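What's in my_file-v2.cif: mmCIF, C-alpha atoms
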```cif
data_coords
loop_
_atom_site.label_atom_id
_atom_site.label_comp_id
_atom_site.auth_asym_id
_atom_site.auth_seq_id
_atom_site.Cartn_x
_atom_site.Cartn_y
_atom_site.Cartn_z
CA MET A 102 7.08 -34.59 2.29
CA VAL A 103 3.95 -36.07 0.70
CA PRO A 104 1.19 -33.46 0.60
CA ARG A 105 -2.14 -34.07 2.26
CA VAL A 106 -5.03 -33.26 -0.01
CA ALA A 107 -7.51 -30.59 0.97
CA ARG A 108 -10.59 -29.29 -0.79
CA VAL A 109 -11.81 -25.75 -0.98
CA ARG A 110 -14.87 -25.30 1.22
CA ARG A 111 -15.11 -21.57 0.68
CA ARG A 112 -13.32 -18.87 -1.25
CA THR A 113 -13.67 -15.23 -0.21
CA ARG A 114 -12.42 -12.31 -2.23
CA GLU A 115 -10.76 -9.98 0.29
CA ILE A 116 -9.38 -7.17 -1.89
CA ALA A 117 -8.58 -6.80 -5.59
CA ASP A 118 -5.97 -9.54 -5.94
CA VAL A 119 -6.25 -11.29 -2.58
CA SER A 120 -8.48 -14.22 -1.70
CA THR A 121 -8.99 -16.32 1.40
CA LEU A 122 -9.49 -20.06 1.04
CA THR A 123 -11.08 -22.15 3.77
CA LEU A 124 -9.98 -25.73 3.25
CA GLU A 125 -11.22 -29.07 4.48
CA MET A 126 -8.70 -31.89 4.81
CA GLU A 127 -9.77 -34.83 2.66
CA ASP A 128 -8.73 -37.35 5.32
CA GLY A 129 -11.08 -35.67 7.79
CA ARG A 130 -8.39 -34.95 10.41
CA PRO A 131 -8.22 -31.30 11.58
CA PHE A 132 -5.06 -29.48 10.63
CA ARG A 133 -3.22 -28.31 13.79
CA TYR A 134 -0.66 -25.52 13.70
CA GLU A 135 0.90 -22.71 15.70
CA PRO A 136 0.28 -19.01 14.90
CA GLY A 137 2.83 -17.74 12.37
CA GLN A 138 3.55 -21.10 10.72
CA PHE A 139 3.18 -21.66 6.99
CA ASN A 140 2.27 -24.42 4.56
CA MET A 141 3.61 -25.40 1.18
CA MET A 142 0.50 -25.35 -1.02
CA THR A 143 0.38 -27.26 -4.28
CA ALA A 144 -1.74 -26.25 -7.21
CA PHE A 145 -1.73 -29.60 -8.98
CA ASP A 146 -0.02 -29.54 -12.38
CA VAL A 147 1.21 -26.00 -11.70
CA GLY A 148 3.56 -25.92 -8.72
CA GLU A 149 4.08 -25.34 -5.03
CA VAL A 150 4.21 -22.12 -3.04
CA ALA A 151 4.75 -21.18 0.61
CA ILE A 152 1.74 -19.45 2.17
CA SER A 153 1.29 -18.47 5.80
CA ILE A 154 -1.71 -19.78 7.70
CA SER A 155 -4.22 -17.09 8.58
CA GLY A 156 -7.00 -18.82 10.51
CA ASP A 157 -7.82 -19.32 14.17
CA PRO A 158 -5.47 -21.97 15.61
CA ASP A 159 -8.00 -22.81 18.33
CA ARG A 160 -10.66 -23.62 15.76
CA ALA A 161 -8.80 -26.03 13.51
CA GLU A 162 -11.98 -28.06 13.12
CA ASP A 163 -13.52 -25.11 11.24
CA GLY A 164 -11.03 -25.62 8.45
CA LEU A 165 -7.57 -24.55 7.38
CA VAL A 166 -7.47 -20.90 6.31
CA HIS A 167 -5.01 -19.29 3.92
CA THR A 168 -5.06 -15.76 2.52
CA ILE A 169 -3.26 -15.59 -0.81
CA ARG A 170 -2.21 -12.74 -3.05
CA GLU A 171 -2.03 -13.50 -6.77
CA VAL A 172 1.54 -12.49 -7.47
CA GLY A 173 2.80 -15.35 -9.65
CA ILE A 174 1.64 -18.35 -11.64
CA VAL A 175 1.43 -20.70 -8.67
CA SER A 176 -0.03 -18.29 -6.13
CA GLY A 177 -2.49 -17.16 -8.81
CA ALA A 178 -3.54 -20.76 -9.50
CA VAL A 179 -4.01 -21.45 -5.77
CA ALA A 180 -5.86 -18.20 -5.11
CA ARG A 181 -8.27 -18.86 -7.96
CA LEU A 182 -9.26 -22.37 -6.80
CA THR A 183 -13.00 -22.66 -6.42
CA THR A 184 -15.29 -24.60 -4.09
CA GLY A 185 -14.64 -28.33 -4.20
CA GLU A 186 -11.31 -28.14 -5.99
CA ALA A 187 -8.28 -29.91 -4.56
CA VAL A 188 -5.04 -28.45 -3.27
CA GLY A 189 -1.99 -30.16 -1.79
CA ILE A 190 -0.81 -29.19 1.69
CA ARG A 191 2.63 -29.85 3.20
CA GLY A 192 3.22 -28.49 6.66
CA PRO A 193 2.82 -26.82 9.01
CA TYR A 194 6.39 -25.56 8.82
CA GLY A 195 8.60 -23.05 10.55
CA ARG A 196 8.75 -21.36 13.91
CA GLY A 197 5.78 -19.13 14.50
CA TRP A 198 4.91 -16.30 16.86
CA PRO A 199 5.82 -17.07 20.46
CA VAL A 200 2.56 -16.33 22.26
CA ASP A 201 3.51 -17.45 25.75
CA VAL A 202 6.33 -14.91 26.14
CA ALA A 203 3.72 -12.13 26.07
CA ARG A 204 1.50 -13.49 28.85
CA GLY A 205 1.33 -10.85 31.55
CA SER A 206 2.70 -8.18 29.22
CA ASP A 207 1.24 -5.56 26.93
CA VAL A 208 1.07 -6.68 23.31
CA VAL A 209 1.72 -4.54 20.26
CA ILE A 210 0.90 -6.11 16.91
CA MET A 211 2.09 -4.12 13.93
CA ALA A 212 1.14 -5.10 10.40
CA GLY A 213 1.66 -3.64 6.97
CA GLY A 214 -0.35 -4.62 3.89
CA LEU A 215 -0.77 -8.37 3.52
CA GLY A 216 1.41 -8.79 6.63
CA LEU A 217 -1.84 -8.85 8.59
CA ALA A 218 -2.55 -12.37 7.27
CA PRO A 219 0.29 -14.18 9.13
CA LEU A 220 -0.50 -12.11 12.22
CA ARG A 221 -4.20 -12.97 12.29
CA PRO A 222 -3.71 -16.38 14.01
CA LEU A 223 -1.71 -14.55 16.70
CA ILE A 224 -4.49 -11.97 17.10
CA TYR A 225 -7.01 -14.79 17.51
CA ALA A 226 -4.75 -16.54 20.04
CA VAL A 227 -4.38 -13.34 22.09
CA LEU A 228 -8.08 -12.51 21.94
CA ASN A 229 -9.03 -16.11 22.80
CA ALA A 230 -7.07 -15.74 26.04
CA ARG A 231 -7.55 -12.01 26.46
CA LYS A 232 -7.27 -11.95 30.26
CA ASP A 233 -3.72 -13.37 30.08
CA PHE A 234 -2.40 -10.18 28.47
CA GLY A 235 -2.15 -6.54 29.41
CA LYS A 236 -3.01 -3.86 26.86
CA VAL A 237 -3.45 -5.15 23.35
CA VAL A 238 -2.70 -2.74 20.53
CA LEU A 239 -3.00 -3.47 16.80
CA LEU A 240 -1.40 -0.96 14.44
CA TYR A 241 -2.19 -1.65 10.81
CA GLY A 242 -1.09 0.20 7.70
CA ALA A 243 -2.32 -0.33 4.16
CA ARG A 244 -1.53 1.32 0.86
CA ASN A 245 -4.96 2.93 0.48
CA PRO A 246 -8.50 2.37 1.82
CA ALA A 247 -9.33 -0.14 -0.94
CA GLU A 248 -6.42 -2.36 0.13
CA ILE A 249 -7.33 -2.74 3.79
CA LEU A 250 -7.32 -6.47 4.47
CA TYR A 251 -9.96 -8.13 6.70
CA ARG A 252 -11.79 -4.82 6.93
CA ALA A 253 -15.00 -6.25 8.40
CA GLU A 254 -13.04 -8.10 11.05
CA LEU A 255 -10.98 -5.03 11.92
CA GLU A 256 -14.22 -3.12 12.42
CA GLN A 257 -15.54 -5.95 14.59
CA TRP A 258 -12.37 -6.00 16.74
CA ARG A 259 -12.52 -2.24 17.02
CA ARG A 260 -15.95 -2.48 18.61
CA ARG A 261 -14.43 -4.48 21.48
CA LEU A 262 -13.54 -2.32 24.43
CA ASP A 263 -10.42 -4.27 25.37
CA VAL A 264 -8.34 -3.83 22.20
CA ASP A 265 -6.86 -0.67 20.72
CA ILE A 266 -7.13 -0.96 16.93
CA GLN A 267 -5.55 1.77 14.82
CA VAL A 268 -5.63 1.70 11.05
CA THR A 269 -3.89 4.06 8.69
CA VAL A 270 -3.35 4.26 4.94
CA ASP A 271 -0.40 5.69 3.05
CA THR A 272 -2.57 7.88 0.82
CA ALA A 273 -6.26 8.56 0.43
CA ARG A 274 -8.71 10.68 -1.44
CA ASP A 275 -10.96 13.23 0.16
CA ASP A 276 -13.71 10.72 0.92
CA TRP A 277 -11.63 8.77 3.50
CA TYR A 278 -12.14 9.99 7.04
CA GLY A 279 -9.69 7.62 8.71
CA SER A 280 -6.04 8.17 9.49
CA VAL A 281 -3.52 8.88 6.71
CA GLY A 282 0.22 8.40 7.11
CA VAL A 283 2.61 5.47 7.16
CA VAL A 284 2.11 2.84 9.83
CA THR A 285 5.11 4.05 11.85
CA THR A 286 3.25 7.30 12.57
CA LEU A 287 0.83 5.29 14.71
CA VAL A 288 3.54 4.24 17.16
CA PRO A 289 4.00 7.56 19.01
CA ARG A 290 0.21 7.84 19.37
CA ALA A 291 -0.23 4.37 20.88
CA THR A 292 -0.21 3.88 24.62
CA PHE A 293 1.45 0.85 26.21
CA ASP A 294 4.09 0.14 28.83
CA ALA A 295 7.19 -0.15 26.61
CA ARG A 296 9.25 -1.81 29.37
CA ASN A 297 6.70 -4.58 29.61
CA THR A 298 5.58 -5.04 26.02
CA ILE A 299 6.08 -7.75 23.43
CA ALA A 300 5.81 -6.55 19.84
CA TYR A 301 5.02 -8.65 16.78
CA VAL A 302 5.66 -7.16 13.35
CA CYS A 303 4.91 -8.39 9.84
CA GLY A 304 4.95 -6.64 6.49
CA PRO A 305 7.33 -5.73 3.69
CA GLU A 306 10.94 -5.84 4.90
CA ILE A 307 11.49 -2.07 4.64
CA MET A 308 8.31 -1.42 6.59
CA MET A 309 9.47 -3.84 9.29
CA ARG A 310 12.84 -2.11 9.60
CA PHE A 311 11.18 1.28 10.07
CA ALA A 312 8.54 -0.23 12.36
CA ALA A 313 11.20 -1.81 14.57
CA ALA A 314 13.04 1.52 14.71
CA ALA A 315 9.84 3.34 15.74
CA LEU A 316 9.15 0.73 18.42
CA ARG A 317 12.73 1.07 19.70
CA ASP A 318 12.29 4.86 19.84
CA LYS A 319 9.23 4.22 21.98
CA GLY A 320 11.34 2.09 24.36
CA ILE A 321 10.78 -1.52 23.29
CA GLN A 322 14.00 -3.56 23.21
CA ASP A 323 14.95 -5.72 20.22
CA GLU A 324 14.76 -8.73 22.57
CA SER A 325 11.04 -8.05 22.96
CA MET A 326 10.26 -7.74 19.24
CA TYR A 327 9.44 -10.55 16.85
CA LEU A 328 9.42 -10.13 13.06
CA SER A 329 8.29 -12.53 10.37
CA MET A 330 10.52 -12.73 7.30
CA GLU A 331 9.48 -13.52 3.79
CA ARG A 332 11.94 -15.30 1.52
CA ASN A 333 11.71 -17.56 -1.50
CA MET A 334 10.89 -20.83 0.24
CA LYS A 335 10.96 -23.98 -1.87
CA CYS A 336 11.38 -27.10 0.26
CA GLY A 337 10.05 -25.68 3.52
CA ILE A 338 12.30 -27.86 5.66
CA GLY A 339 15.76 -26.30 5.42
CA LEU A 340 17.24 -28.53 2.73
CA CYS A 341 17.31 -26.63 -0.52
CA GLY A 342 18.82 -23.34 0.65
CA HIS A 343 16.58 -21.07 -1.41
CA CYS A 344 15.54 -19.12 1.67
CA GLN A 345 18.98 -18.99 3.25
CA MET A 346 19.75 -15.71 4.93
CA GLY A 347 23.34 -15.80 6.11
CA PRO A 348 23.55 -18.48 8.79
CA VAL A 349 19.81 -19.19 8.94
CA PHE A 350 17.15 -20.80 6.81
CA VAL A 351 13.99 -18.75 6.97
CA CYS A 352 11.75 -21.80 6.46
CA ARG A 353 13.33 -23.84 9.27
CA ASP A 354 14.72 -21.26 11.73
CA GLY A 355 11.94 -18.73 11.05
CA PRO A 356 9.91 -17.28 9.50
CA VAL A 357 9.53 -15.56 12.88
CA PHE A 358 12.75 -14.27 14.42
CA ARG A 359 13.50 -12.25 17.52
CA ASN A 360 14.79 -8.89 16.39
CA ASP A 361 18.09 -8.98 18.27
CA HIS A 362 18.92 -12.05 16.14
CA LEU A 363 17.44 -10.69 12.94
CA ARG A 364 18.58 -7.08 12.98
CA PRO A 365 22.26 -7.77 12.18
CA LEU A 366 21.14 -9.89 9.19
CA MET A 367 18.66 -7.33 7.90
CA SER A 368 21.35 -4.69 7.68
CA VAL A 369 23.52 -6.81 5.35
CA LYS A 370 22.97 -5.75 1.75
CA GLU A 371 21.82 -8.38 -0.76
CA LEU A 372 21.67 -11.08 1.91
CA MET B 133 -5.58 34.77 30.05
CA GLU B 134 -4.49 32.57 32.94
CA GLY B 135 -6.60 29.73 31.50
CA LEU B 136 -4.95 30.09 28.11
CA GLU B 137 -1.50 30.11 29.71
CA ARG B 138 -2.31 26.86 31.49
CA ILE B 139 -3.59 25.26 28.27
CA VAL B 140 -0.41 26.28 26.42
CA ARG B 141 1.78 25.02 29.27
CA GLU B 142 -0.03 21.69 29.43
CA HIS B 143 0.05 20.98 25.70
CA PRO B 144 2.45 18.05 25.06
CA PHE B 145 4.35 20.14 22.49
CA PHE B 146 5.56 22.43 25.26
CA SER B 147 6.23 19.63 27.72
CA GLY B 148 9.27 20.44 29.87
CA MET B 149 9.44 24.10 28.85
CA LYS B 150 10.00 26.68 31.62
CA GLU B 151 6.87 28.34 32.92
CA GLU B 152 8.15 31.83 32.12
CA GLN B 153 8.73 30.75 28.52
CA THR B 154 5.25 29.30 28.06
CA ALA B 155 3.89 32.49 29.63
CA ILE B 156 5.65 34.51 26.91
CA LEU B 157 4.31 32.20 24.19
CA ALA B 158 0.80 32.39 25.62
CA GLY B 159 0.93 36.07 24.72
CA CYS B 160 0.75 34.99 21.06
CA ALA B 161 -2.01 32.42 21.63
CA LYS B 162 -5.74 32.25 21.26
CA ASN B 163 -8.34 29.48 21.34
CA VAL B 164 -9.83 28.49 18.01
CA ARG B 165 -12.29 25.86 16.78
CA PHE B 166 -13.08 24.47 13.36
CA GLU B 167 -16.20 22.62 12.32
CA ALA B 168 -15.93 19.38 10.36
CA GLY B 169 -15.12 20.26 6.75
CA GLN B 170 -13.82 23.72 7.57
CA TYR B 171 -10.33 24.60 6.36
CA LEU B 172 -7.64 25.83 8.75
CA PHE B 173 -5.74 27.20 5.79
CA HIS B 174 -5.18 26.78 2.06
CA GLU B 175 -2.02 26.20 0.05
CA GLY B 176 -0.37 29.46 -1.00
CA GLU B 177 -1.96 31.60 1.70
CA PRO B 178 0.26 33.42 4.22
CA ALA B 179 1.45 30.99 6.88
CA ASP B 180 0.58 33.18 9.81
CA GLN B 181 -0.32 30.65 12.52
CA LEU B 182 0.93 27.57 14.36
CA TYR B 183 -1.85 25.29 15.56
CA LEU B 184 -1.56 23.08 18.62
CA LEU B 185 -4.42 20.61 18.40
CA ARG B 186 -6.35 19.97 21.60
CA SER B 187 -8.99 17.68 20.11
CA GLY B 188 -10.28 16.59 16.73
CA ARG B 189 -8.45 15.63 13.57
CA VAL B 190 -7.03 17.53 10.63
CA ALA B 191 -6.19 16.26 7.14
CA LEU B 192 -3.20 17.76 5.34
CA GLN B 193 -4.03 17.69 1.66
CA ILE B 194 -2.74 18.56 -1.77
CA SER B 195 -5.52 19.41 -4.18
CA SER B 196 -5.85 19.37 -7.93
CA PRO B 197 -8.94 20.60 -9.79
CA GLU B 198 -10.19 16.99 -9.91
CA ARG B 199 -9.49 15.76 -6.41
CA ALA B 200 -7.80 16.27 -3.08
CA VAL B 201 -5.23 13.74 -1.86
CA THR B 202 -4.68 13.43 1.86
CA ILE B 203 -0.98 13.16 2.67
CA GLN B 204 -1.29 12.91 6.42
CA THR B 205 -3.79 13.24 9.21
CA VAL B 206 -2.90 14.70 12.59
CA GLY B 207 -4.86 14.63 15.80
CA GLU B 208 -5.06 15.47 19.47
CA SER B 209 -1.81 16.69 21.06
CA GLU B 210 -0.14 17.11 17.67
CA ILE B 211 0.71 20.27 15.75
CA VAL B 212 -0.32 21.67 12.39
CA GLY B 213 1.91 24.07 10.48
CA ALA B 214 5.62 24.49 9.98
CA SER B 215 5.61 26.90 7.04
CA TRP B 216 5.43 29.89 9.39
CA LEU B 217 9.05 29.06 10.28
CA VAL B 218 10.42 29.34 6.78
CA ALA B 219 10.38 32.45 4.58
CA PRO B 220 8.40 33.44 2.55
CA TYR B 221 5.89 32.02 5.08
CA ARG B 222 3.32 30.49 2.71
CA TRP B 223 1.37 27.30 3.38
CA GLY B 224 2.49 24.37 1.23
CA LEU B 225 -0.70 22.34 1.81
CA ASP B 226 -4.37 22.63 2.59
CA ALA B 227 -5.44 21.73 6.13
CA LYS B 228 -9.02 20.59 6.61
CA ALA B 229 -10.77 19.67 9.86
CA LEU B 230 -12.22 16.15 9.55
CA GLU B 231 -14.30 16.58 12.68
CA LEU B 232 -14.93 19.31 15.21
CA THR B 233 -11.39 20.43 16.06
CA ARG B 234 -10.25 22.60 18.93
CA ALA B 235 -6.81 24.13 18.91
CA ILE B 236 -4.54 26.80 20.27
CA SER B 237 -3.52 29.14 17.49
CA LEU B 238 -0.22 30.98 17.94
CA ASP B 239 0.33 34.07 15.84
CA ALA B 240 3.40 33.44 13.66
CA ALA B 241 4.70 37.01 13.48
CA CYS B 242 4.38 37.28 17.25
CA LEU B 243 6.19 33.93 17.71
CA ARG B 244 9.01 34.90 15.37
CA GLY B 245 9.34 38.23 17.18
CA LYS B 246 9.57 36.54 20.60
CA CYS B 247 12.18 34.12 19.28
CA GLU B 248 14.26 36.98 17.83
CA ASP B 249 14.10 38.77 21.17
CA ASP B 250 14.97 35.66 23.16
CA HIS B 251 17.16 33.13 21.35
CA GLY B 252 16.92 30.75 24.31
CA LEU B 253 13.18 30.60 23.76
CA GLY B 254 13.75 30.15 20.02
CA TYR B 255 16.12 27.25 20.69
CA GLU B 256 13.60 25.58 23.03
CA LEU B 257 10.99 25.90 20.31
CA MET B 258 13.34 24.46 17.66
CA LYS B 259 14.16 21.49 19.92
CA ARG B 260 10.45 20.68 19.90
CA PHE B 261 9.98 21.25 16.20
CA MET B 262 12.95 19.34 14.85
CA PRO B 263 11.91 15.84 16.04
CA ILE B 264 8.47 16.36 14.54
CA LEU B 265 9.86 17.61 11.24
CA HIS B 266 12.36 14.74 11.19
CA GLN B 267 9.63 12.21 11.90
CA ARG B 268 7.45 13.67 9.14
CA LEU B 269 10.36 13.66 6.70
CA GLN B 270 11.03 9.98 7.47
CA ALA B 271 7.34 9.20 7.06
CA ALA B 272 7.29 11.01 3.71
CA ARG B 273 10.31 9.00 2.54
CA LEU B 274 8.57 5.78 3.48
CA GLN B 275 5.43 6.98 1.70
CA ILE B 276 7.44 7.63 -1.47
CA LEU B 277 8.83 4.09 -1.33
CA ASP B 278 5.26 2.78 -1.61
CA VAL B 279 6.33 -0.42 0.17
CA TYR B 280 3.01 -2.21 -0.30
CA ASP B 281 3.18 -2.02 -4.08
CA ILE B 282 3.85 -5.66 -4.98
CA ARG B 283 5.16 -4.76 -8.44
CA LYS B 284 8.27 -3.36 -6.80
#
```

As structure tokens, the full file:
Amino acid sequence: MVPRVARVRRRTREIADVSTLTLEMEDGRPFRYEPGQFNMMTAFDVGEVAISISGDPDRAEDGLVHTIREVGIVSGAVARLTTGEAVGIRGPYGRGWPVDVARGSDVVIMAGGLGLAPLRPLIYAVLNARKDFGKVVLLYGARNPAEILYRAELEQWRRRLDVDIQVTVDTARDDWYGSVGVVTTLVPRATFDARNTIAYVCGPEIMMRFAAAALRDKGIQDESMYLSMERNMKCGIGLCGHCQMGPVFVCRDGPVFRNDHLRPLMSVKEL
Amino acid sequence: MEGLERIVREHPFFSGMKEEQTAILAGCAKNVRFEAGQYLFHEGEPADQLYLLRSGRVALQISSPERAVTIQTVGESEIVGASWLVAPYRWGLDAKALELTRAISLDAACLRGKCEDDHGLGYELMKRFMPILHQRLQAARLQILDVYDIRK
């Protein structure tokens, strides 16, 4: 429960209110984690906040990477840390994306908005072992062109010939020549073998519900879909109950859930 | 004409339709192409065509004097235009080709006439239209929710 101290090696402004911090552990030991896990980050004298890890899990020695949106006092204080400043890290916590279940299958990764950040370690893991997977499809939706996260990296991935990257925005002005329409509209256009596909979805809860429905319409079973939930996590280890969702604690039993387990919970109002 | 009939028959929108029905529809069809930046139609104009896209991309837009907002883009194998189905048959949007776009254009009055003459054909056409309209309605609802707006 005692945080390790890390220092900011680099801070990158991604989009208007979103920054990525690359951190170096003060004790010199690399920070190991699984794709989809999160950390409790402490802005000293301000507070603690749960943030998913968004770096390459196979390159832990390059630093611990978090992408943070400034939504509140604590996340704002963390996101605005500058080079050399200290931050507390507790974790890694939670159950992440199961990568091994997709070996030998097609992979569909579907992200909305900042939901791309928790999925990025999974994307790295899949690309690092590309030959172990069938088709790899990334469907990403953002609010508008200015809010596309990791744009340079998306363009870099798109140049690869072994990944199908499709990006869409909800609305755009006349000067945007990319796709416009909600992310679910990309599903019917994508090609993959639905009977042999594992899907990973992350984004706002409503987007995930519609995304899961679109993937089901395309033939993917709930048992082959994994969604990452966001709840108000405080302790990170299933003690405080802030993130309780019916019978599960999102911090301990998730944040990633298989959709046949999650779907009945998502349909309960005010849960 | 035989080539056009084959193109109509092979377009995904008509997938599974009887050959004699696609042959009738081909009687309303012609090949068209639009250069990048060219408009297929403008809001308020008579909705006199249905476009089956063969290649390229089209932006559906609503324009104000200051700017045009793209509501949706559609591409290869998709369709453009539903207003020809609903009286008074006026386009509710602008449609602009974002790149060189090739399409089959079906004359709306001809289509409506064929459907009046043959309700079975009309029903087959509606079965293909309704899922698309439903999907676009759902997408529009999701768009209205603006789910990525963190202030909500």

Discussion item. As a PyMOL selection string, please: the residues near Asn297 in chain A (cut-off 9 Å, only C-alpha atoms, same-chain neighbours under 2 positions excluded).
Written reply: chain A and resi 203+205-208+293-295+299+321+325

Show me, as a tab-separated table, the residues of range 162-202 of chain B having an atom within 6 Å of range 224-233 of chain B, each with the closest atom pair and its distance in Å, using only C-alpha atoms.
```
residue	atom	partner	partner_atom	distance
B:Arg165	CA	B:Thr233	CA	5.6
B:Phe166	CA	B:Thr233	CA	5.1
B:Glu167	CA	B:Leu232	CA	4.6
B:Ala168	CA	B:Glu231	CA	4.0
B:Gly169	CA	B:Ala229	CA	5.4
B:Gln170	CA	B:Ala229	CA	5.6
B:Tyr171	CA	B:Lys228	CA	4.2
B:Leu172	CA	B:Ala227	CA	5.3
B:Phe173	CA	B:Ala227	CA	5.5
B:His174	CA	B:Asp226	CA	4.3
B:Glu175	CA	B:Leu225	CA	4.4
B:Ser187	CA	B:Thr233	CA	5.5
B:Gly188	CA	B:Thr233	CA	4.1
B:Arg189	CA	B:Leu230	CA	5.5
B:Val190	CA	B:Ala229	CA	4.4
B:Ala191	CA	B:Lys228	CA	5.2
B:Leu192	CA	B:Ala227	CA	4.6
B:Gln193	CA	B:Asp226	CA	5.0
B:Ile194	CA	B:Leu225	CA	5.6
```

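Separating CA of Pro356 in chain A from CA of Tyr241 in chain A is a distance of 19.8 Å.
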
Enumerate, in order of chain and increasing residue number, the residues of chain B with an atom no farther than 8 Å from chain A, each with its shortest atom pair and distance in Å to one decimal, counting all atoms listed in the file, as a tab-separated table.
```
residue	atom	partner	partner_atom	distance
B:Ala191	CA	A:Val281	CA	7.9
B:Arg199	CA	A:Arg274	CA	7.1
B:Ala200	CA	A:Asp275	CA	5.5
B:Val201	CA	A:Arg274	CA	4.7
B:Thr202	CA	A:Ala273	CA	5.3
B:Ile203	CA	A:Thr272	CA	5.8
B:Gln204	CA	A:Val281	CA	4.6
B:Thr205	CA	A:Val281	CA	5.0
B:Val206	CA	A:Ser280	CA	7.9
B:Leu230	CA	A:Tyr278	CA	6.7
B:Ala271	CA	A:Val283	CA	6.0
B:Leu274	CA	A:Val283	CA	7.0
B:Gln275	CA	A:Asp271	CA	6.1
B:Asp278	CA	A:Arg244	CA	7.4
B:Val279	CA	A:Pro305	CA	6.4
B:Tyr280	CA	A:Arg244	CA	5.9
B:Asp281	CA	A:Arg244	CA	7.6
B:Ile282	CA	A:Val172	CA	7.6
```

Item to complete: Would you kindly return, as a PyMOL selection string, each protein, DNA or RNA residue with an atom no farther than 9 Å from any atom of range 105-114 of chain A, considering only C-alpha atoms and excluding same-chain residues fewer than 6 positions away?
Response: chain A and resi 120-128+164-165+180-192

Worksheet item: Taking into account all atoms listed in the file, which residue in the set B:Trp216, B:Glu198, B:Lys246, B:Ile236 is nearest to Ile156 in chain B?
Response: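 Result for the nearest residue to Ile156 in chain B: B:Lys246.
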
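Between CA of Leu265 in chain B and CA of Ala214 in chain B lies a distance of 8.2 Å.
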
Practice prompt. Find the residues with any atom within 10 Å of (3.8, 33.9, 8.4); use all atoms listed in the file and the coordinates as given in the file, and write the answer as a ChimeraX atom specification.
Written response: /B:177-182,214-223,239-244

Worksheet entry | Coordinates-based distance that separates CA of Leu340 in chain A from CA of Gly177 in chain A (Å, one decimal) |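 Interatomic distance, CA of Gly177 in chain A to CA of Leu340 in chain A: 25.5 Å.
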
Discussion item. For this structure, which residues satisfy the selection - the PyMOL selection byres ((chain A and resi 221) around 8) - when it is evaluated on the file as given? I want them as number ranges by chain.
Written reply: A: 136, 155-157, 217-220, 222-225

Worksheet item: What's the 9 Å shell around Asp354 in chain A, counting only C-alpha atoms, without same-chain residues fewer than 6 positions away, as a list in words?
Response: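 Result of the neighbour search: Gly195, Arg196 and Gly339 of chain A.
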
Using the chain letters and numbers from the file, which residues does the PyMOL selection byres ((chain A and resi 149) around 10) grab, as a compact mmCIF listing (two decimals) with C-alpha atoms, in the coordinates of the input?
```txt
# COMPACT_ATOMS: atom_id res chain seq x y z
CA ASN A 140 2.27 -24.42 4.56
CA MET A 141 3.61 -25.40 1.18
CA MET A 142 0.50 -25.35 -1.02
CA THR A 143 0.38 -27.26 -4.28
CA ALA A 144 -1.74 -26.25 -7.21
CA PHE A 145 -1.73 -29.60 -8.98
CA ASP A 146 -0.02 -29.54 -12.38
CA VAL A 147 1.21 -26.00 -11.70
CA GLY A 148 3.56 -25.92 -8.72
CA VAL A 150 4.21 -22.12 -3.04
CA ALA A 151 4.75 -21.18 0.61
CA ILE A 152 1.74 -19.45 2.17
CA ILE A 174 1.64 -18.35 -11.64
CA VAL A 175 1.43 -20.70 -8.67
CA SER A 176 -0.03 -18.29 -6.13
CA ALA A 178 -3.54 -20.76 -9.50
CA VAL A 179 -4.01 -21.45 -5.77
CA VAL A 188 -5.04 -28.45 -3.27
CA GLY A 189 -1.99 -30.16 -1.79
CA ILE A 190 -0.81 -29.19 1.69
CA ARG A 191 2.63 -29.85 3.20
CA MET A 334 10.89 -20.83 0.24
CA LYS A 335 10.96 -23.98 -1.87
CA CYS A 336 11.38 -27.10 0.26
```

Worksheet item: What do you get, as number ranges by chain, if you spell out every residue that the PyMOL selection byres ((chain B and resi 155) around 12) selects here?
Response: B: 133-142, 146, 149-154, 156-161, 246, 253

Fewer than 6 positions away in the same chain doesn't count, so skip those; otherwise give me all residues within 9 Å of range 360-368 of chain A, counting only C-alpha atoms, as a PDB file with C-alpha atoms, in the frame of the given file.
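And here's around-v6.pdb as it stands now:
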```
ATOM      1  CA  GLU A 306      10.940  -5.840   4.900  1.00  0.00           C
ATOM      2  CA  ARG A 310      12.840  -2.110   9.600  1.00  0.00           C
ATOM      3  CA  ALA A 313      11.200  -1.810  14.570  1.00  0.00           C
ATOM      4  CA  GLN A 322      14.000  -3.560  23.210  1.00  0.00           C
ATOM      5  CA  ASP A 323      14.950  -5.720  20.220  1.00  0.00           C
ATOM      6  CA  GLU A 324      14.760  -8.730  22.570  1.00  0.00           C
ATOM      7  CA  SER A 325      11.040  -8.050  22.960  1.00  0.00           C
ATOM      8  CA  MET A 326      10.260  -7.740  19.240  1.00  0.00           C
ATOM      9  CA  TYR A 327       9.440 -10.550  16.850  1.00  0.00           C
ATOM     10  CA  LEU A 328       9.420 -10.130  13.060  1.00  0.00           C
ATOM     11  CA  MET A 346      19.750 -15.710   4.930  1.00  0.00           C
ATOM     12  CA  GLY A 347      23.340 -15.800   6.110  1.00  0.00           C
ATOM     13  CA  PRO A 348      23.550 -18.480   8.790  1.00  0.00           C
TER      14      PRO A 348
END
```
